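File shown: upload-v2.pdb (PDB, C-alpha atoms).
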ATOM      1  CA  MET A   1       0.000   0.000   0.000
ATOM      2  CA  LYS A   2       2.749   2.378   0.978
ATOM      3  CA  ARG A   3       4.693   1.492  -2.190
ATOM      4  CA  ALA A   4       1.632   2.203  -4.319
ATOM      5  CA  ALA A   5       1.264   5.604  -2.711
ATOM      6  CA  VAL A   6       4.906   6.418  -3.432
ATOM      7  CA  ILE A   7       4.521   5.401  -7.062
ATOM      8  CA  ARG A   8       1.347   7.469  -7.384
ATOM      9  CA  ALA A   9       3.086  10.496  -5.889
ATOM     10  CA  ALA A  10       6.014  10.080  -8.255
ATOM     11  CA  LEU A  11       3.691   9.883 -11.246
ATOM     12  CA  LEU A  12       1.832  12.997 -10.145
ATOM     13  CA  ALA A  13       5.115  14.828  -9.657
ATOM     14  CA  GLY A  14       6.147  13.860 -13.169
ATOM     15  CA  LEU A  15       2.873  15.102 -14.588
ATOM     16  CA  ALA A  16       3.195  18.344 -12.682
ATOM     17  CA  THR A  17       6.692  18.857 -14.049
ATOM     18  CA  GLY A  18       5.455  18.174 -17.531
ATOM     19  CA  CYS A  19       2.797  20.825 -17.128
ATOM     20  CA  GLY A  20       5.253  23.421 -15.843
ATOM     21  CA  GLY A  21       6.395  24.694 -19.202
ATOM     22  CA  ALA A  22       4.486  25.930 -22.175
ATOM     23  CA  PRO A  23       2.757  23.156 -24.080
ATOM     24  CA  SER A  24       4.694  22.064 -27.126
ATOM     25  CA  GLY A  25       3.639  23.967 -30.190
ATOM     26  CA  ASP A  26       2.088  26.726 -28.119
ATOM     27  CA  ARG A  27       4.688  29.385 -27.492
ATOM     28  CA  GLY A  28       2.023  31.783 -26.301
ATOM     29  CA  ARG A  29       1.170  30.038 -23.066
ATOM     30  CA  GLU A  30       3.150  31.315 -20.086
ATOM     31  CA  ALA A  31       3.667  28.949 -17.201
ATOM     32  CA  GLY A  32       1.925  29.641 -13.899
ATOM     33  CA  VAL A  33       5.224  30.501 -12.253
ATOM     34  CA  PRO A  34       8.604  31.372 -13.779
ATOM     35  CA  VAL A  35      10.401  28.160 -14.629
ATOM     36  CA  ALA A  36      14.182  28.189 -14.331
ATOM     37  CA  VAL A  37      15.941  26.399 -17.165
ATOM     38  CA  PRO A  38      19.298  24.767 -16.433
ATOM     39  CA  ASP A  39      22.257  26.562 -17.935
ATOM     40  CA  ALA A  40      23.405  24.900 -21.144
ATOM     41  CA  PRO A  41      26.855  26.221 -22.043
ATOM     42  CA  PRO A  42      28.811  25.176 -25.118
ATOM     43  CA  VAL A  43      30.407  21.799 -24.411
ATOM     44  CA  GLY A  44      32.196  21.004 -27.631
ATOM     45  CA  TYR A  45      32.335  21.242 -31.385
ATOM     46  CA  VAL A  46      30.443  19.389 -34.067
ATOM     47  CA  GLY A  47      32.520  17.549 -36.629
ATOM     48  CA  ALA A  48      36.204  17.604 -37.382
ATOM     49  CA  ASP A  49      38.286  20.723 -37.891
ATOM     50  CA  ALA A  50      39.052  21.046 -41.577
ATOM     51  CA  GLY A  51      41.917  23.388 -40.763
ATOM     52  CA  ASP A  52      40.057  26.672 -40.685
ATOM     53  CA  GLY A  53      38.575  26.097 -37.214
ATOM     54  CA  HIS A  54      35.064  26.574 -38.562
ATOM     55  CA  ARG A  55      32.855  24.161 -36.655
ATOM     56  CA  PRO A  56      29.439  24.644 -35.063
ATOM     57  CA  LEU A  57      29.234  24.570 -31.284
ATOM     58  CA  ARG A  58      27.391  21.842 -29.436
ATOM     59  CA  PHE A  59      25.586  22.881 -26.260
ATOM     60  CA  ALA A  60      24.834  20.952 -23.089
ATOM     61  CA  ASP A  61      21.135  20.773 -23.938
ATOM     62  CA  GLY A  62      21.852  19.205 -27.323
ATOM     63  CA  GLN A  63      21.366  22.364 -29.387
ATOM     64  CA  VAL A  64      23.861  23.166 -32.136
ATOM     65  CA  SER A  65      24.837  26.702 -33.094
ATOM     66  CA  LEU A  66      23.413  28.040 -36.336
ATOM     67  CA  ASN A  67      26.871  29.297 -37.315
ATOM     68  CA  ASP A  68      30.292  27.667 -37.573
ATOM     69  CA  GLN A  69      32.374  30.863 -37.476
ATOM     70  CA  CYS A  70      32.414  34.247 -35.769
ATOM     71  CA  PRO A  71      29.765  36.589 -37.085
ATOM     72  CA  VAL A  72      32.275  39.452 -37.122
ATOM     73  CA  ARG A  73      35.842  38.128 -37.205
ATOM     74  CA  LYS A  74      35.057  34.990 -39.215
ATOM     75  CA  ARG A  75      37.298  32.920 -36.937
ATOM     76  CA  GLY A  76      36.459  29.665 -35.207
ATOM     77  CA  LEU A  77      33.869  29.783 -32.446
ATOM     78  CA  ASN A  78      34.881  30.022 -28.815
ATOM     79  CA  LEU A  79      33.543  27.577 -26.234
ATOM     80  CA  ARG A  80      33.777  30.252 -23.552
ATOM     81  CA  MET A  81      31.624  32.882 -25.217
ATOM     82  CA  PRO A  82      27.945  32.777 -24.318
ATOM     83  CA  PRO A  83      25.592  32.566 -27.277
ATOM     84  CA  VAL A  84      22.971  34.973 -28.533
ATOM     85  CA  PHE A  85      19.652  33.362 -29.385
ATOM     86  CA  VAL A  86      17.764  33.814 -32.640
ATOM     87  CA  ASN A  87      14.319  32.225 -32.726
ATOM     88  CA  GLY A  88      15.450  30.097 -29.811
ATOM     89  CA  ALA A  89      18.582  28.788 -31.556
ATOM     90  CA  PRO A  90      22.090  29.747 -30.406
ATOM     91  CA  ILE A  91      24.579  31.856 -32.356
ATOM     92  CA  GLY A  92      28.166  31.348 -31.200
ATOM     93  CA  PHE A  93      30.945  33.939 -30.929
ATOM     94  CA  CYS A  94      34.699  34.055 -30.563
TER
ATOM     95  CA  MET B  95      24.728  42.147 -31.240
ATOM     96  CA  GLN B  96      22.818  45.225 -32.316
ATOM     97  CA  ASP B  97      21.758  44.095 -35.790
ATOM     98  CA  PRO B  98      22.011  40.323 -35.946
ATOM     99  CA  GLU B  99      20.416  40.192 -39.389
ATOM    100  CA  ILE B 100      23.573  41.752 -40.871
ATOM    101  CA  TYR B 101      25.743  38.892 -39.640
ATOM    102  CA  LEU B 102      23.181  36.198 -40.339
ATOM    103  CA  ASN B 103      22.896  37.375 -43.936
ATOM    104  CA  GLU B 104      26.679  37.687 -44.307
ATOM    105  CA  LEU B 105      27.173  34.123 -43.117
ATOM    106  CA  GLY B 106      24.291  32.848 -45.223
ATOM    107  CA  ILE B 107      22.448  31.464 -42.196
ATOM    108  CA  GLN B 108      18.853  30.558 -42.833
ATOM    109  CA  VAL B 109      16.402  31.086 -39.968
ATOM    110  CA  ASN B 110      12.848  29.836 -40.155
ATOM    111  CA  ASP B 111       9.754  31.699 -39.029
ATOM    112  CA  LEU B 112       9.155  31.482 -35.296
ATOM    113  CA  PHE B 113       5.562  30.318 -35.694
ATOM    114  CA  ASP B 114       5.809  28.372 -38.954
ATOM    115  CA  PRO B 115       9.155  26.573 -39.207
ATOM    116  CA  THR B 116       8.346  25.516 -42.767
ATOM    117  CA  ARG B 117       8.721  29.132 -43.939
ATOM    118  CA  PRO B 118      12.003  31.059 -44.064
ATOM    119  CA  ALA B 119      12.086  34.178 -41.943
ATOM    120  CA  VAL B 120      12.970  37.496 -43.517
ATOM    121  CA  LEU B 121      16.215  38.604 -41.911
ATOM    122  CA  ASP B 122      15.828  42.347 -41.662
ATOM    123  CA  ALA B 123      14.949  44.833 -38.951
ATOM    124  CA  ALA B 124      11.357  45.164 -40.157
ATOM    125  CA  HIS B 125      10.727  41.473 -39.490
ATOM    126  CA  ARG B 126      12.590  41.337 -36.179
ATOM    127  CA  SER B 127      11.395  41.614 -32.590
ATOM    128  CA  ARG B 128      13.347  41.400 -29.363
ATOM    129  CA  VAL B 129      12.736  40.366 -25.788
ATOM    130  CA  ASN B 130      15.676  40.719 -23.397
ATOM    131  CA  PHE B 131      18.732  39.491 -25.370
ATOM    132  CA  GLU B 132      16.686  37.200 -27.595
ATOM    133  CA  ASN B 133      16.028  37.969 -31.248
ATOM    134  CA  PHE B 134      13.016  36.759 -33.203
ATOM    135  CA  PHE B 135      12.481  36.849 -36.954
ATOM    136  CA  PHE B 136       9.309  36.263 -38.929
ATOM    137  CA  ALA B 137       8.305  35.404 -42.460
ATOM    138  CA  ASP B 138       5.853  38.279 -42.745
ATOM    139  CA  ALA B 139       4.396  41.287 -40.980
ATOM    140  CA  ALA B 140       1.493  39.247 -39.654
ATOM    141  CA  GLY B 141       3.841  36.978 -37.742
ATOM    142  CA  LYS B 142       5.653  39.927 -36.234
ATOM    143  CA  ALA B 143       2.355  41.579 -35.300
ATOM    144  CA  ARG B 144       1.182  38.357 -33.643
ATOM    145  CA  PHE B 145       4.392  38.217 -31.621
ATOM    146  CA  ASP B 146       4.384  41.905 -30.740
ATOM    147  CA  ALA B 147       0.842  41.679 -29.398
ATOM    148  CA  ASP B 148       2.238  39.830 -26.364
ATOM    149  CA  PRO B 149       5.975  39.370 -26.884
ATOM    150  CA  ILE B 150       6.906  38.055 -23.450
ATOM    151  CA  ALA B 151       4.251  35.369 -23.619
ATOM    152  CA  GLN B 152       5.480  34.334 -27.079
ATOM    153  CA  ALA B 153       9.196  34.431 -26.392
ATOM    154  CA  GLY B 154       9.599  31.058 -24.713
ATOM    155  CA  VAL B 155      12.800  30.641 -22.734
ATOM    156  CA  VAL B 156      14.726  33.902 -22.226
ATOM    157  CA  THR B 157      17.788  35.078 -20.317
ATOM    158  CA  ASP B 158      17.394  37.313 -17.282
ATOM    159  CA  PRO B 159      19.531  40.365 -18.219
ATOM    160  CA  VAL B 160      20.869  40.754 -14.685
ATOM    161  CA  SER B 161      21.294  37.266 -13.206
ATOM    162  CA  ARG B 162      21.719  35.539 -16.614
ATOM    163  CA  GLN B 163      19.359  32.815 -15.429
ATOM    164  CA  ARG B 164      17.600  31.136 -18.334
ATOM    165  CA  PHE B 165      13.892  30.846 -17.580
ATOM    166  CA  ARG B 166      10.420  30.609 -18.998
ATOM    167  CA  PRO B 167       8.458  33.700 -17.900
ATOM    168  CA  ALA B 168       5.147  33.575 -16.076
ATOM    169  CA  PRO B 169       2.343  36.135 -16.128
ATOM    170  CA  SER B 170       3.597  37.267 -12.726
ATOM    171  CA  SER B 171       7.184  37.793 -13.904
ATOM    172  CA  PRO B 172       8.451  41.362 -13.361
ATOM    173  CA  ARG B 173       8.791  43.236 -16.627
ATOM    174  CA  LEU B 174       9.352  46.661 -18.135
ATOM    175  CA  LEU B 175       9.863  48.447 -21.436
ATOM    176  CA  HIS B 176      13.285  49.994 -22.054
ATOM    177  CA  ASP B 177      14.175  51.838 -25.275
ATOM    178  CA  GLY B 178      11.143  50.236 -26.862
ATOM    179  CA  ARG B 179      12.249  46.698 -26.020
ATOM    180  CA  PRO B 180      10.358  44.505 -23.559
ATOM    181  CA  TYR B 181      12.411  43.010 -20.772
ATOM    182  CA  VAL B 182      11.237  40.314 -18.389
ATOM    183  CA  PHE B 183      13.025  39.227 -15.226
ATOM    184  CA  PHE B 184      13.322  36.063 -13.205
ATOM    185  CA  SER B 185      12.930  38.014  -9.962
ATOM    186  CA  GLU B 186      11.975  41.412  -8.630
ATOM    187  CA  GLU B 187      15.588  41.821  -7.477
ATOM    188  CA  SER B 188      16.746  41.565 -11.074
ATOM    189  CA  ARG B 189      14.199  44.098 -12.232
ATOM    190  CA  ALA B 190      15.259  46.542  -9.494
ATOM    191  CA  ALA B 191      18.933  46.189 -10.462
ATOM    192  CA  PHE B 192      18.053  46.815 -14.105
ATOM    193  CA  VAL B 193      16.025  49.918 -13.236
ATOM    194  CA  ALA B 194      18.944  51.261 -11.182
ATOM    195  CA  SER B 195      21.506  50.749 -13.969
ATOM    196  CA  PRO B 196      19.877  49.978 -17.303
ATOM    197  CA  GLU B 197      23.071  50.845 -19.171
ATOM    198  CA  MET B 198      24.764  47.927 -17.418
ATOM    199  CA  TYR B 199      22.200  45.320 -18.328
ATOM    200  CA  ALA B 200      20.300  46.324 -21.461
ATOM    201  CA  GLU B 201      22.811  44.580 -23.740
ATOM    202  CA  PRO B 202      24.874  41.456 -23.055
ATOM    203  CA  ASP B 203      28.420  42.205 -21.929
ATOM    204  CA  TYR B 204      29.914  39.140 -23.640
ATOM    205  CA  LYS B 205      31.982  38.049 -20.674
ATOM    206  CA  MET B 206      33.558  34.694 -21.240
ATOM    207  CA  LEU B 207      32.088  31.726 -19.457
ATOM    208  CA  PRO B 208      34.191  30.275 -16.665
ATOM    209  CA  GLY B 209      35.591  26.784 -16.767
ATOM    210  CA  ALA B 210      37.133  26.149 -20.144
ATOM    211  CA  THR B 211      40.882  26.501 -20.419
ATOM    212  CA  PRO B 212      42.425  28.770 -23.064
ATOM    213  CA  GLU B 213      43.613  25.666 -24.886
ATOM    214  CA  GLU B 214      40.083  24.266 -24.993
ATOM    215  CA  SER B 215      38.677  27.516 -26.234
ATOM    216  CA  GLY B 216      41.475  28.196 -28.685
ATOM    217  CA  GLU B 217      41.902  31.617 -27.142
ATOM    218  CA  ARG B 218      44.897  33.166 -25.410
ATOM    219  CA  GLY B 219      43.592  36.668 -24.860
ATOM    220  CA  ALA B 220      41.953  38.547 -22.040
ATOM    221  CA  PRO B 221      38.928  37.030 -20.341
ATOM    222  CA  VAL B 222      36.618  39.797 -21.533
ATOM    223  CA  HIS B 223      36.418  41.157 -25.020
ATOM    224  CA  SER B 224      33.950  42.243 -27.638
ATOM    225  CA  PRO B 225      32.208  39.484 -29.538
ATOM    226  CA  GLY B 226      33.279  38.451 -32.963
TER
END
Would you kindly transcribe this structure into structure tokens?
Amino acid sequence: MKRAAVIRAALLAGLATGCGGAPSGDRGREAGVPVAVPDAPPVGYVGADAGDGHRPLRFADGQVSLNDQCPVRKRGLNLRMPPVFVNGAPIGFC
Amino acid sequence: MQDPEIYLNELGIQVNDLFDPTRPAVLDAAHRSRVNFENFFFADAAGKARFDADPIAQAGVVTDPVSRQRFRPAPSSPRLLHDGRPYVFFSEESRAAFVASPEMYAEPDYKMLPGATPEESGERGAPVHSPG
């Protein structure tokens, strides 16, 4: 009985978490309370360096930068520079 | 990044419409909206008008300009309009700090993230510099 109650509570907690953010496909619905999103810094590069250092960045949340080189200097992207977001997708810098 | 469309066009980066990902967005200032540090582009004026009707509700996850916390805003989230751009904050403390020194927080300062070594990042320079 106690185990069943624990499982039920866990399921409810999961459902509550799932309802915390905006429903998929509905950007216009704000959550009831602000929902913190874990930081997702750049964690590596995508693909091999062809010699020019131009590779997209891979982020901790699985996103990949839209660009593979600096918007201004046209050099390789820097893992330590925070991205700017365009339509929710990251743009890397150097 | 004051005019991201300039760099996106230079690099040939295609961005799709925020609401209809099957349509390419028009990368110019007339089809762009902003919330905090986030940029949004749309395929047509109707998309931009839809977004601008309630931009914070449409923005999805944003970055608090003061604490840099990524978060999804709520209707109760503190907010304000600065230089025509809507800003939303994770906390009232962030909003108060922004109001006290908007020049410090209205644009990202591009400080490097901690943790990575210069070798990992490919950089040998100072820890803070302008973005490129």
Quick check, in Å to one decimal: how far apart do CA of Arg189 in chain B and CA of Val33 in chain A lie? 16.3 Å
Using only C-alpha atoms, select each residue of chain A with any atom at most 10 Å away from an atom of chain B, and give the selection as a PyMOL selection string. chain A and resi 20-22+25-44+53+66-94
Would you place a box with edges along x, y and z of the file around all atoms of range 66-73 of chain A listed there, add 3 Å to each of its six sides, and report the centre and edge lengths in Å to one decimal, as JSON?
{"center_x": 29.6, "center_y": 33.6, "center_z": -36.7, "size_x": 18.4, "size_y": 17.8, "size_z": 7.8}
Take CA of Val120 in chain B and CA of Arg179 in chain B and report the distance between them in Å, one decimal.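 Between CA of Val120 in chain B and CA of Arg179 in chain B the gap is 19.8 Å.
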Counting only C-alpha atoms, write as a ChimeraX atom specification all protein and nucleic acid residues lying at most 9 Å from (18.6, 49.0, -40.2) in the file's frame. /B:97,100,122-124
Name the residues captured by the PyMOL selection byres ((chain B and resi 178) around 12) when it is applied to the shown file; answer as an MDAnalysis selection string. chainID B and resid 127:130 146 174:177 179:181 200
